[in-house]
>>> print(open('query30.pdb').read())   # PDB, C-alpha atoms and all ligand atoms
ATOM      1  CA  MET A   1     -13.528  29.887 -16.707  1.00  0.00           C
ATOM      2  CA  GLY A   2     -11.859  33.079 -15.595  1.00  0.00           C
ATOM      3  CA  ILE A   3      -8.193  33.398 -16.234  1.00  0.00           C
ATOM      4  CA  VAL A   4      -7.460  33.752 -12.507  1.00  0.00           C
ATOM      5  CA  PHE A   5      -9.321  30.552 -11.749  1.00  0.00           C
ATOM      6  CA  LYS A   6      -7.423  28.740 -14.501  1.00  0.00           C
ATOM      7  CA  LEU A   7      -4.159  30.028 -13.101  1.00  0.00           C
ATOM      8  CA  VAL A   8      -5.031  28.819  -9.611  1.00  0.00           C
ATOM      9  CA  LEU A   9      -5.923  25.420 -11.017  1.00  0.00           C
ATOM     10  CA  LEU A  10      -2.675  25.259 -12.917  1.00  0.00           C
ATOM     11  CA  ILE A  11      -0.671  26.135  -9.815  1.00  0.00           C
ATOM     12  CA  LEU A  12      -2.531  23.506  -7.796  1.00  0.00           C
ATOM     13  CA  MET A  13      -1.762  20.924 -10.451  1.00  0.00           C
ATOM     14  CA  LEU A  14       1.913  21.789 -10.652  1.00  0.00           C
ATOM     15  CA  CYS A  15       2.403  22.068  -6.925  1.00  0.00           C
ATOM     16  CA  PRO A  16       2.744  18.371  -6.105  1.00  0.00           C
ATOM     17  CA  LEU A  17       5.458  18.104  -8.735  1.00  0.00           C
ATOM     18  CA  THR A  18       7.517  20.787  -7.136  1.00  0.00           C
ATOM     19  CA  ILE A  19       6.992  19.937  -3.492  1.00  0.00           C
ATOM     20  CA  ASN A  20       7.629  16.258  -4.127  1.00  0.00           C
ATOM     21  CA  SER A  21      10.876  16.868  -5.889  1.00  0.00           C
ATOM     22  CA  SER A  22      12.820  14.630  -3.549  1.00  0.00           C
ATOM     23  CA  PHE A  23      10.236  12.252  -2.050  1.00  0.00           C
ATOM     24  CA  GLN A  24       8.297  10.313  -4.685  1.00  0.00           C
ATOM     25  CA  TYR A  25       6.696   7.351  -2.932  1.00  0.00           C
ATOM     26  CA  LEU A  26       6.121   5.821   0.508  1.00  0.00           C
ATOM     27  CA  THR A  27       6.776   2.360   1.893  1.00  0.00           C
ATOM     28  CA  PHE A  28       4.422   1.350   4.677  1.00  0.00           C
ATOM     29  CA  VAL A  29       6.207  -1.276   6.750  1.00  0.00           C
ATOM     30  CA  GLN A  30       4.499  -3.628   9.175  1.00  0.00           C
ATOM     31  CA  GLN A  31       6.334  -6.000  11.475  1.00  0.00           C
ATOM     32  CA  TRP A  32       5.567  -9.477  12.779  1.00  0.00           C
ATOM     33  CA  PRO A  33       6.542  -9.237  16.480  1.00  0.00           C
ATOM     34  CA  LYS A  34       7.260 -12.953  16.891  1.00  0.00           C
ATOM     35  CA  GLY A  35       9.475 -12.866  13.792  1.00  0.00           C
ATOM     36  CA  TYR A  36      11.368  -9.879  15.143  1.00  0.00           C
ATOM     37  CA  CYS A  37      11.880 -11.634  18.480  1.00  0.00           C
ATOM     38  CA  THR A  38      12.960 -14.891  16.858  1.00  0.00           C
ATOM     39  CA  ALA A  39      15.530 -12.930  14.910  1.00  0.00           C
ATOM     40  CA  ASN A  40      16.617 -10.615  17.739  1.00  0.00           C
ATOM     41  CA  PRO A  41      15.965 -12.437  21.036  1.00  0.00           C
ATOM     42  CA  SER A  42      18.036  -9.986  23.045  1.00  0.00           C
ATOM     43  CA  ARG A  43      16.100  -6.984  21.759  1.00  0.00           C
ATOM     44  CA  CYS A  44      12.693  -8.528  22.338  1.00  0.00           C
ATOM     45  CA  GLN A  45      11.095  -6.467  25.066  1.00  0.00           C
ATOM     46  CA  ARG A  46       7.349  -6.764  24.871  1.00  0.00           C
ATOM     47  CA  ASN A  47       5.574  -9.390  26.897  1.00  0.00           C
ATOM     48  CA  PRO A  48       3.085 -10.618  25.906  1.00  0.00           C
ATOM     49  CA  LEU A  49       3.895 -10.117  22.228  1.00  0.00           C
ATOM     50  CA  PRO A  50       1.151  -8.670  20.035  1.00  0.00           C
ATOM     51  CA  THR A  51      -0.316 -11.355  17.771  1.00  0.00           C
ATOM     52  CA  VAL A  52      -0.981  -8.910  14.953  1.00  0.00           C
ATOM     53  CA  PHE A  53       1.431  -7.171  12.595  1.00  0.00           C
ATOM     54  CA  THR A  54       2.461  -3.900  14.245  1.00  0.00           C
ATOM     55  CA  ILE A  55       3.499  -0.682  12.543  1.00  0.00           C
ATOM     56  CA  HIS A  56       7.196  -0.246  11.960  1.00  0.00           C
ATOM     57  CA  GLY A  57       6.868   2.909   9.923  1.00  0.00           C
ATOM     58  CA  LEU A  58       5.997   4.926   6.859  1.00  0.00           C
ATOM     59  CA  TRP A  59       9.120   5.614   4.874  1.00  0.00           C
ATOM     60  CA  PRO A  60       9.247   8.306   2.195  1.00  0.00           C
ATOM     61  CA  GLY A  61      11.692   7.562  -0.572  1.00  0.00           C
ATOM     62  CA  ASN A  62      12.567   8.532  -4.058  1.00  0.00           C
ATOM     63  CA  PHE A  63      13.353   6.205  -6.891  1.00  0.00           C
ATOM     64  CA  THR A  64      17.055   6.934  -6.850  1.00  0.00           C
ATOM     65  CA  LYS A  65      17.808   7.282  -3.186  1.00  0.00           C
ATOM     66  CA  ILE A  66      16.699   6.066   0.236  1.00  0.00           C
ATOM     67  CA  LEU A  67      15.809   9.218   2.126  1.00  0.00           C
ATOM     68  CA  GLN A  68      16.611   9.593   5.812  1.00  0.00           C
ATOM     69  CA  ASN A  69      16.982  12.349   8.384  1.00  0.00           C
ATOM     70  CA  CYS A  70      15.867  14.981   5.910  1.00  0.00           C
ATOM     71  CA  ARG A  71      15.299  17.876   8.273  1.00  0.00           C
ATOM     72  CA  THR A  72      15.811  18.753  11.886  1.00  0.00           C
ATOM     73  CA  THR A  73      12.195  19.627  12.691  1.00  0.00           C
ATOM     74  CA  SER A  74      11.724  18.665  16.309  1.00  0.00           C
ATOM     75  CA  TYR A  75       9.199  16.112  17.429  1.00  0.00           C
ATOM     76  CA  THR A  76       6.083  17.196  19.309  1.00  0.00           C
ATOM     77  CA  LYS A  77       4.771  14.579  21.726  1.00  0.00           C
ATOM     78  CA  LEU A  78       1.720  12.928  20.277  1.00  0.00           C
ATOM     79  CA  LYS A  79      -1.537  13.218  22.113  1.00  0.00           C
ATOM     80  CA  ASN A  80      -4.901  11.691  21.273  1.00  0.00           C
ATOM     81  CA  PHE A  81      -3.376   8.443  20.101  1.00  0.00           C
ATOM     82  CA  ARG A  82      -4.371   5.226  21.744  1.00  0.00           C
ATOM     83  CA  GLU A  83      -0.891   3.892  22.402  1.00  0.00           C
ATOM     84  CA  LEU A  84       1.151   6.608  24.040  1.00  0.00           C
ATOM     85  CA  ARG A  85       3.868   4.368  25.423  1.00  0.00           C
ATOM     86  CA  PHE A  86       6.190   4.491  22.485  1.00  0.00           C
ATOM     87  CA  GLN A  87       6.999   8.188  22.210  1.00  0.00           C
ATOM     88  CA  SER A  88      10.737   7.625  21.921  1.00  0.00           C
ATOM     89  CA  PHE A  89      10.260   5.147  19.066  1.00  0.00           C
ATOM     90  CA  TRP A  90       7.888   7.535  17.323  1.00  0.00           C
ATOM     91  CA  GLU A  91      10.315  10.387  17.777  1.00  0.00           C
ATOM     92  CA  HIS A  92      12.980   8.238  16.131  1.00  0.00           C
ATOM     93  CA  GLU A  93      10.664   7.390  13.202  1.00  0.00           C
ATOM     94  CA  TRP A  94       9.693  11.039  12.809  1.00  0.00           C
ATOM     95  CA  LYS A  95      13.286  12.246  12.661  1.00  0.00           C
ATOM     96  CA  LYS A  96      14.588   9.465  10.474  1.00  0.00           C
ATOM     97  CA  HIS A  97      11.645   9.147   8.059  1.00  0.00           C
ATOM     98  CA  GLY A  98       8.762  11.546   8.744  1.00  0.00           C
ATOM     99  CA  THR A  99      10.825  14.664   8.154  1.00  0.00           C
ATOM    100  CA  CYS A 100      11.404  13.486   4.567  1.00  0.00           C
ATOM    101  CA  SER A 101       7.728  13.963   3.672  1.00  0.00           C
ATOM    102  CA  GLU A 102       7.048  16.883   5.966  1.00  0.00           C
ATOM    103  CA  ASN A 103       6.226  19.202   3.078  1.00  0.00           C
ATOM    104  CA  MET A 104       3.100  17.087   2.472  1.00  0.00           C
ATOM    105  CA  TYR A 105       2.530  15.456   5.840  1.00  0.00           C
ATOM    106  CA  PRO A 106       3.201  17.474   8.989  1.00  0.00           C
ATOM    107  CA  GLU A 107       3.769  15.373  12.088  1.00  0.00           C
ATOM    108  CA  ALA A 108       0.198  14.793  13.294  1.00  0.00           C
ATOM    109  CA  THR A 109      -0.950  14.036   9.742  1.00  0.00           C
ATOM    110  CA  TYR A 110       1.987  11.726   9.152  1.00  0.00           C
ATOM    111  CA  PHE A 111       1.104   9.609  12.164  1.00  0.00           C
ATOM    112  CA  SER A 112      -2.662   9.602  11.689  1.00  0.00           C
ATOM    113  CA  ARG A 113      -2.294   8.617   8.020  1.00  0.00           C
ATOM    114  CA  THR A 114       0.069   5.837   9.074  1.00  0.00           C
ATOM    115  CA  ILE A 115      -2.512   4.486  11.498  1.00  0.00           C
ATOM    116  CA  GLN A 116      -5.173   4.680   8.763  1.00  0.00           C
ATOM    117  CA  LEU A 117      -2.966   2.584   6.502  1.00  0.00           C
ATOM    118  CA  SER A 118      -2.598  -0.060   9.200  1.00  0.00           C
ATOM    119  CA  GLN A 119      -6.380  -0.222   9.583  1.00  0.00           C
ATOM    120  CA  ARG A 120      -6.781  -0.688   5.836  1.00  0.00           C
ATOM    121  CA  HIS A 121      -4.036  -3.232   5.329  1.00  0.00           C
ATOM    122  CA  ASN A 122      -4.341  -6.160   7.689  1.00  0.00           C
ATOM    123  CA  ILE A 123      -1.428  -8.411   6.800  1.00  0.00           C
ATOM    124  CA  LEU A 124      -2.704 -11.415   8.759  1.00  0.00           C
ATOM    125  CA  ASN A 125      -5.949 -11.291   6.775  1.00  0.00           C
ATOM    126  CA  TYR A 126      -4.022 -10.906   3.539  1.00  0.00           C
ATOM    127  CA  LEU A 127      -1.885 -13.950   4.335  1.00  0.00           C
ATOM    128  CA  ALA A 128      -4.957 -15.947   5.344  1.00  0.00           C
ATOM    129  CA  THR A 129      -6.309 -15.548   1.798  1.00  0.00           C
ATOM    130  CA  GLY A 130      -3.415 -17.798   0.766  1.00  0.00           C
ATOM    131  CA  ASN A 131      -3.907 -20.076   3.790  1.00  0.00           C
ATOM    132  CA  ILE A 132      -0.692 -18.790   5.303  1.00  0.00           C
ATOM    133  CA  ARG A 133      -0.939 -18.626   9.078  1.00  0.00           C
ATOM    134  CA  PRO A 134       1.412 -18.047  12.015  1.00  0.00           C
ATOM    135  CA  GLY A 135       3.159 -21.243  13.066  1.00  0.00           C
ATOM    136  CA  SER A 136       3.901 -22.408   9.539  1.00  0.00           C
ATOM    137  CA  ASN A 137       6.797 -22.569   7.098  1.00  0.00           C
ATOM    138  CA  PRO A 138       5.552 -21.100   3.829  1.00  0.00           C
ATOM    139  CA  THR A 139       7.750 -20.556   0.797  1.00  0.00           C
ATOM    140  CA  VAL A 140       8.961 -17.029   0.104  1.00  0.00           C
ATOM    141  CA  SER A 141       7.221 -17.111  -3.236  1.00  0.00           C
ATOM    142  CA  SER A 142       3.851 -18.064  -1.709  1.00  0.00           C
ATOM    143  CA  VAL A 143       4.059 -15.223   0.829  1.00  0.00           C
ATOM    144  CA  ASN A 144       5.107 -12.849  -1.937  1.00  0.00           C
ATOM    145  CA  SER A 145       2.375 -13.925  -4.354  1.00  0.00           C
ATOM    146  CA  THR A 146      -0.350 -13.971  -1.675  1.00  0.00           C
ATOM    147  CA  ILE A 147       0.402 -10.399  -0.639  1.00  0.00           C
ATOM    148  CA  TYR A 148       0.847  -9.426  -4.302  1.00  0.00           C
ATOM    149  CA  ARG A 149      -2.694 -10.588  -5.107  1.00  0.00           C
ATOM    150  CA  ALA A 150      -4.162  -9.119  -1.898  1.00  0.00           C
ATOM    151  CA  ILE A 151      -2.912  -5.645  -2.845  1.00  0.00           C
ATOM    152  CA  SER A 152      -4.307  -5.812  -6.386  1.00  0.00           C
ATOM    153  CA  ASN A 153      -1.202  -7.152  -8.105  1.00  0.00           C
ATOM    154  CA  HIS A 154       1.552  -5.005  -6.722  1.00  0.00           C
ATOM    155  CA  VAL A 155       4.953  -6.205  -5.577  1.00  0.00           C
ATOM    156  CA  PRO A 156       5.440  -6.065  -1.787  1.00  0.00           C
ATOM    157  CA  ASP A 157       8.738  -5.788   0.067  1.00  0.00           C
ATOM    158  CA  LEU A 158       9.523  -8.730   2.347  1.00  0.00           C
ATOM    159  CA  MET A 159      12.236  -8.729   4.987  1.00  0.00           C
ATOM    160  CA  CYS A 160      13.585 -11.737   6.854  1.00  0.00           C
ATOM    161  CA  VAL A 161      16.380 -12.251   9.332  1.00  0.00           C
ATOM    162  CA  THR A 162      18.207 -15.569   9.499  1.00  0.00           C
ATOM    163  CA  PRO A 163      19.369 -16.591  12.987  1.00  0.00           C
ATOM    164  CA  PRO A 164      22.527 -18.773  13.017  1.00  0.00           C
ATOM    165  CA  ARG A 165      21.863 -22.211  11.462  1.00  0.00           C
ATOM    166  CA  GLN A 166      18.123 -21.557  11.152  1.00  0.00           C
ATOM    167  CA  THR A 167      15.514 -20.858   8.505  1.00  0.00           C
ATOM    168  CA  PRO A 168      14.975 -17.153   7.641  1.00  0.00           C
ATOM    169  CA  ALA A 169      12.299 -15.704   9.950  1.00  0.00           C
ATOM    170  CA  LEU A 170       9.675 -13.406   8.442  1.00  0.00           C
ATOM    171  CA  VAL A 171      10.090 -10.025  10.133  1.00  0.00           C
ATOM    172  CA  GLU A 172       8.502  -7.346   7.935  1.00  0.00           C
ATOM    173  CA  ILE A 173       6.179  -6.779   5.017  1.00  0.00           C
ATOM    174  CA  GLY A 174       6.110  -3.452   3.192  1.00  0.00           C
ATOM    175  CA  ILE A 175       3.490  -2.056   0.817  1.00  0.00           C
ATOM    176  CA  CYS A 176       4.371   0.895  -1.417  1.00  0.00           C
ATOM    177  CA  PHE A 177       2.209   3.908  -2.261  1.00  0.00           C
ATOM    178  CA  THR A 178       2.309   6.972  -4.420  1.00  0.00           C
ATOM    179  CA  ALA A 179       3.243  10.146  -2.562  1.00  0.00           C
ATOM    180  CA  THR A 180      -0.423  11.033  -2.110  1.00  0.00           C
ATOM    181  CA  MET A 181      -1.084   7.563  -0.586  1.00  0.00           C
ATOM    182  CA  THR A 182      -4.051   7.151  -2.918  1.00  0.00           C
ATOM    183  CA  THR A 183      -2.635   4.334  -5.028  1.00  0.00           C
ATOM    184  CA  ILE A 184      -0.600   1.223  -4.300  1.00  0.00           C
ATOM    185  CA  ILE A 185       2.450   0.764  -6.516  1.00  0.00           C
ATOM    186  CA  ASP A 186       5.075  -1.953  -6.947  1.00  0.00           C
ATOM    187  CA  CYS A 187       7.776  -1.497  -4.351  1.00  0.00           C
ATOM    188  CA  PRO A 188      10.790  -0.289  -6.369  1.00  0.00           C
ATOM    189  CA  SER A 189      12.939  -3.272  -7.301  1.00  0.00           C
ATOM    190  CA  GLN A 190      16.175  -1.429  -6.592  1.00  0.00           C
ATOM    191  CA  PHE A 191      15.371  -1.264  -2.870  1.00  0.00           C
ATOM    192  CA  LEU A 192      13.568  -4.577  -2.337  1.00  0.00           C
ATOM    193  CA  ARG A 193      14.705  -6.529   0.725  1.00  0.00           C
ATOM    194  CA  THR A 194      12.911  -9.701  -0.346  1.00  0.00           C
ATOM    195  CA  GLY A 195      16.270 -11.332  -1.122  1.00  0.00           C
ATOM    196  CA  SER A 196      16.872 -11.500   2.657  1.00  0.00           C
ATOM    197  CA  CYS A 197      14.242 -14.282   2.757  1.00  0.00           C
ATOM    198  CA  GLY A 198      16.224 -16.589   0.471  1.00  0.00           C
ATOM    199  CA  ILE A 199      14.466 -18.667  -2.153  1.00  0.00           C
ATOM    200  CA  GLY A 200      12.951 -21.534  -0.177  1.00  0.00           C
ATOM    201  CA  THR A 201      10.803 -21.887   2.907  1.00  0.00           C
ATOM    202  CA  ILE A 202      10.768 -19.324   5.676  1.00  0.00           C
ATOM    203  CA  ASN A 203       9.674 -19.410   9.281  1.00  0.00           C
ATOM    204  CA  PHE A 204       6.449 -17.578  10.145  1.00  0.00           C
ATOM    205  CA  PRO A 205       6.548 -18.245  13.889  1.00  0.00           C
ATOM    206  CA  ALA A 206       3.459 -18.286  16.096  1.00  0.00           C
TER     207      ALA A 206
HETATM  208  C1  LIG A 301      16.032  12.095  -4.680  1.00  0.00           C
HETATM  209  O1  LIG A 301      16.415  12.707  -3.458  1.00  0.00           O
HETATM  210  C2  LIG A 301      17.662  13.359  -3.514  1.00  0.00           C
HETATM  211  C3  LIG A 301      17.997  13.829  -2.112  1.00  0.00           C
HETATM  212  O2  LIG A 301      17.007  14.658  -1.592  1.00  0.00           O
HETATM  213  C4  LIG A 301      17.578  14.504  -4.515  1.00  0.00           C
HETATM  214  O3  LIG A 301      18.835  15.116  -4.620  1.00  0.00           O
HETATM  215  C5  LIG A 301      17.161  13.964  -5.864  1.00  0.00           C
HETATM  216  O4  LIG A 301      16.947  15.036  -6.748  1.00  0.00           O
HETATM  217  C6  LIG A 301      15.890  13.169  -5.742  1.00  0.00           C
HETATM  218  N1  LIG A 301      15.585  12.559  -7.005  1.00  0.00           N
HETATM  219  C7  LIG A 301      14.455  12.802  -7.634  1.00  0.00           C
HETATM  220  C8  LIG A 301      14.284  12.092  -8.954  1.00  0.00           C
HETATM  221  O5  LIG A 301      13.576  13.527  -7.176  1.00  0.00           O
HETATM  222  C1  LIG A 302       7.007 -11.677  -6.183  1.00  0.00           C
HETATM  223  O1  LIG A 302       5.911 -11.584  -7.080  1.00  0.00           O
HETATM  224  C2  LIG A 302       6.168 -10.797  -8.233  1.00  0.00           C
HETATM  225  C3  LIG A 302       4.881 -10.730  -9.020  1.00  0.00           C
HETATM  226  O2  LIG A 302       4.426 -11.992  -9.354  1.00  0.00           O
HETATM  227  C4  LIG A 302       7.294 -11.429  -9.031  1.00  0.00           C
HETATM  228  O3  LIG A 302       7.590 -10.600 -10.123  1.00  0.00           O
HETATM  229  C5  LIG A 302       8.513 -11.578  -8.136  1.00  0.00           C
HETATM  230  O4  LIG A 302       9.534 -12.267  -8.847  1.00  0.00           O
HETATM  231  C6  LIG A 302       8.152 -12.374  -6.898  1.00  0.00           C
HETATM  232  N1  LIG A 302       9.311 -12.485  -5.999  1.00  0.00           N
HETATM  233  C7  LIG A 302       9.565 -13.613  -5.333  1.00  0.00           C
HETATM  234  C8  LIG A 302      10.776 -13.606  -4.478  1.00  0.00           C
HETATM  235  O5  LIG A 302       8.867 -14.606  -5.402  1.00  0.00           O
END
>>> encode(input="query30.pdb", output="structure tokens")
Amino acid sequence: MGIVFKLVLLILMLCPLTINSSFQYLTFVQQWPKGYCTANPSRCQRNPLPTVFTIHGLWPGNFTKILQNCRTTSYTKLKNFRELRFQSFWEHEWKKHGTCSENMYPEATYFSRTIQLSQRHNILNYLATGNIRPGSNPTVSSVNSTIYRAISNHVPDLMCVTPPRQTPALVEIGICFTATMTTIIDCPSQFLRTGSCGIGTINFPA
């Protein structure tokens, strides 16, 4: 190999290390609409509610710090996406989270990769492998272990909200990836929200 070629290779190999210096992994978060609405009735706006997990977001992080609002790059309205109704929500997600991985994923890439992840990771199907279906009260540990097995033995992030005097309602499930999105990793224990689901049964409302 020529020395120039070797140098180029070396630079390519080192590059991810330098450009990822602050963002090290991504959490892909999907939301159960009925859980969200059970937990926040006053903020529940969609009717009818989707009966699939919807995308909350793709959140770049590093292992020491939750990253948010990293840059002020403005949002360009998305075109060529099927659902164009939620521009203001997407703008919010871009500013709060997307800008933190912009060095690797410019806006259009960030959103199209997010949609790809949602097509690859169907949470309802994952839960069904453990016989967990909407309209039931599974234990936290069965939801956790079912998703864990479905994503080849990696720890997911669960999030519940407990309405007054009720059982915690399942609201979100996150799956964590390396910065390149090629490999699933354990969601970092220091930021897990699974504790919000308590230790017993939870409500997975239909
Ligand atoms: C995590 O992000 C913060 C803020 O951008 C940065 O100062 C820190 O160096 C990052 N940590 C690592 C290990 O990359
Ligand atoms: C989730 O599963 C992982 C892997 O088995 C385990 O280490 C963790 O304690 C579980 N968490 C809960 C809340 O069950």
>>> residues_near_ligand(input="query30.pdb", ligand="ligand LIG 302 (chain A)", cutoff="8 Å", atoms="only C-alpha atoms and all ligand atoms", output="short mmCIF file (atom, residue, chain, number, x, y, z; two decimals) with C-alpha atoms, in the frame of the given file")
data_model
loop_
_atom_site.label_atom_id
_atom_site.label_comp_id
_atom_site.auth_asym_id
_atom_site.auth_seq_id
_atom_site.Cartn_x
_atom_site.Cartn_y
_atom_site.Cartn_z
CA VAL A 140 8.96 -17.03 0.10
CA SER A 141 7.22 -17.11 -3.24
CA SER A 142 3.85 -18.06 -1.71
CA VAL A 143 4.06 -15.22 0.83
CA ASN A 144 5.11 -12.85 -1.94
CA SER A 145 2.38 -13.92 -4.35
CA TYR A 148 0.85 -9.43 -4.30
CA ASN A 153 -1.20 -7.15 -8.10
CA HIS A 154 1.55 -5.00 -6.72
CA VAL A 155 4.95 -6.20 -5.58
CA PRO A 156 5.44 -6.06 -1.79
CA THR A 194 12.91 -9.70 -0.35
CA GLY A 195 16.27 -11.33 -1.12
CA GLY A 198 16.22 -16.59 0.47
CA ILE A 199 14.47 -18.67 -2.15
#
>>> closest_atom_pairs(input="query30.pdb", of="chain A", to="ligand LIG 301 (chain A)", cutoff="6 Å", atoms="all atoms listed in the file", output="JSON lines")
{"residue": "A:Ser21", "atom": "CA", "partner": "A:LIG301", "partner_atom": "O5", "distance": 4.5}
{"residue": "A:Ser22", "atom": "CA", "partner": "A:LIG301", "partner_atom": "O5", "distance": 3.9}
{"residue": "A:Asn62", "atom": "CA", "partner": "A:LIG301", "partner_atom": "C1", "distance": 5.0}
{"residue": "A:Thr64", "atom": "CA", "partner": "A:LIG301", "partner_atom": "C1", "distance": 5.7}
{"residue": "A:Lys65", "atom": "CA", "partner": "A:LIG301", "partner_atom": "C1", "distance": 5.3}
>>> write_last_selection(input="query30.pdb", atoms="C-alpha atoms", output="JSON list (two decimals), keeping the file's coordinate frame")
[["chain", "number", "residue", "atom", "x", "y", "z"],
["A", 21, "SER", "CA", 10.88, 16.87, -5.89],
["A", 22, "SER", "CA", 12.82, 14.63, -3.55],
["A", 62, "ASN", "CA", 12.57, 8.53, -4.06],
["A", 64, "THR", "CA", 17.06, 6.93, -6.85],
["A", 65, "LYS", "CA", 17.81, 7.28, -3.19]]
>>> residues_around(input="query30.pdb", residues="region 40-43 of chain A", least_positions_apart="3", cutoff="9 Å", atoms="only C-alpha atoms", output="ChimeraX atom specification")
/A:35-37,161,163
>>> atom_distance(input="query30.pdb", atom1="CA of Thr180 (chain A)", atom2="CA of Phe111 (chain A)")
14.4 Å
>>> atom_distance(input="query30.pdb", atom1="CA of Phe191 (chain A)", atom2="CA of Leu49 (chain A)")
29.0 Å
>>> residues_around(input="query30.pdb", residues="Pro50 (chain A)", least_positions_apart="4", cutoff="9 Å", atoms="all atoms listed in the file", output="ChimeraX atom specification")
/A:32-34,46,54
>>> closest_atom_pairs(input="query30.pdb", of="region 97-176 of chain A", to="region 70-91 of chain A", cutoff="10 Å", atoms="only C-alpha atoms", output="JSON lines")
{"residue": "A:His97", "atom": "CA", "partner": "A:Cys70", "partner_atom": "CA", "distance": 7.5}
{"residue": "A:Gly98", "atom": "CA", "partner": "A:Cys70", "partner_atom": "CA", "distance": 8.4}
{"residue": "A:Thr99", "atom": "CA", "partner": "A:Arg71", "partner_atom": "CA", "distance": 5.5}
{"residue": "A:Cys100", "atom": "CA", "partner": "A:Cys70", "partner_atom": "CA", "distance": 4.9}
{"residue": "A:Ser101", "atom": "CA", "partner": "A:Cys70", "partner_atom": "CA", "distance": 8.5}
{"residue": "A:Glu102", "atom": "CA", "partner": "A:Arg71", "partner_atom": "CA", "distance": 8.6}
{"residue": "A:Pro106", "atom": "CA", "partner": "A:Thr73", "partner_atom": "CA", "distance": 10.0}
{"residue": "A:Glu107", "atom": "CA", "partner": "A:Tyr75", "partner_atom": "CA", "distance": 7.7}
{"residue": "A:Ala108", "atom": "CA", "partner": "A:Leu78", "partner_atom": "CA", "distance": 7.4}
{"residue": "A:Phe111", "atom": "CA", "partner": "A:Trp90", "partner_atom": "CA", "distance": 8.8}
{"residue": "A:Ser112", "atom": "CA", "partner": "A:Phe81", "partner_atom": "CA", "distance": 8.5}
{"residue": "A:Ile115", "atom": "CA", "partner": "A:Phe81", "partner_atom": "CA", "distance": 9.5}
>>> write_last_selection(input="query30.pdb", atoms="C-alpha atoms", output="PDB file, keeping the file's coordinate frame")
ATOM      1  CA  HIS A  97      11.645   9.147   8.059  1.00  0.00           C
ATOM      2  CA  GLY A  98       8.762  11.546   8.744  1.00  0.00           C
ATOM      3  CA  THR A  99      10.825  14.664   8.154  1.00  0.00           C
ATOM      4  CA  CYS A 100      11.404  13.486   4.567  1.00  0.00           C
ATOM      5  CA  SER A 101       7.728  13.963   3.672  1.00  0.00           C
ATOM      6  CA  GLU A 102       7.048  16.883   5.966  1.00  0.00           C
ATOM      7  CA  PRO A 106       3.201  17.474   8.989  1.00  0.00           C
ATOM      8  CA  GLU A 107       3.769  15.373  12.088  1.00  0.00           C
ATOM      9  CA  ALA A 108       0.198  14.793  13.294  1.00  0.00           C
ATOM     10  CA  PHE A 111       1.104   9.609  12.164  1.00  0.00           C
ATOM     11  CA  SER A 112      -2.662   9.602  11.689  1.00  0.00           C
ATOM     12  CA  ILE A 115      -2.512   4.486  11.498  1.00  0.00           C
TER      13      ILE A 115
END
>>> residues_around(input="query30.pdb", residues="Phe28 (chain A)", least_positions_apart="3", cutoff="8 Å", atoms="only C-alpha atoms", output="JSON, numbers by chain")
{"A": [56, 57, 58, 59, 114, 117, 174, 175, 176, 177]}
>>> residues_around(input="query30.pdb", residues="Leu124 (chain A)", least_positions_apart="6", cutoff="12 Å", atoms="only C-alpha atoms", output="list in words")
Gln30, Gln31, Trp32, Thr51, Val52, Phe53, Thr54, Ser118, Gly130, Asn131, Ile132, Arg133, Pro134, Val143, Thr146, Ile147, Ala150, Glu172, Ile173, Phe204 and Ala206 of chain A
>>> atom_distance(input="query30.pdb", atom1="CA of Thr109 (chain A)", atom2="CA of Leu26 (chain A)")
14.2 Å
>>> axis_aligned_box(input="query30.pdb", around="region 141-157 of chain A", padding_each_side="8 Å", output="JSON")
{"center_x": 2.2, "center_y": -11.5, "center_z": -3.6, "size_x": 29.0, "size_y": 29.1, "size_z": 24.9}
>>> closest_residue(input="query30.pdb", among="A:Gln119, A:Thr139, A:Gln68, A:Ser196", to="Trp94 (chain A)", atoms="all atoms listed in the file")
A:Gln68
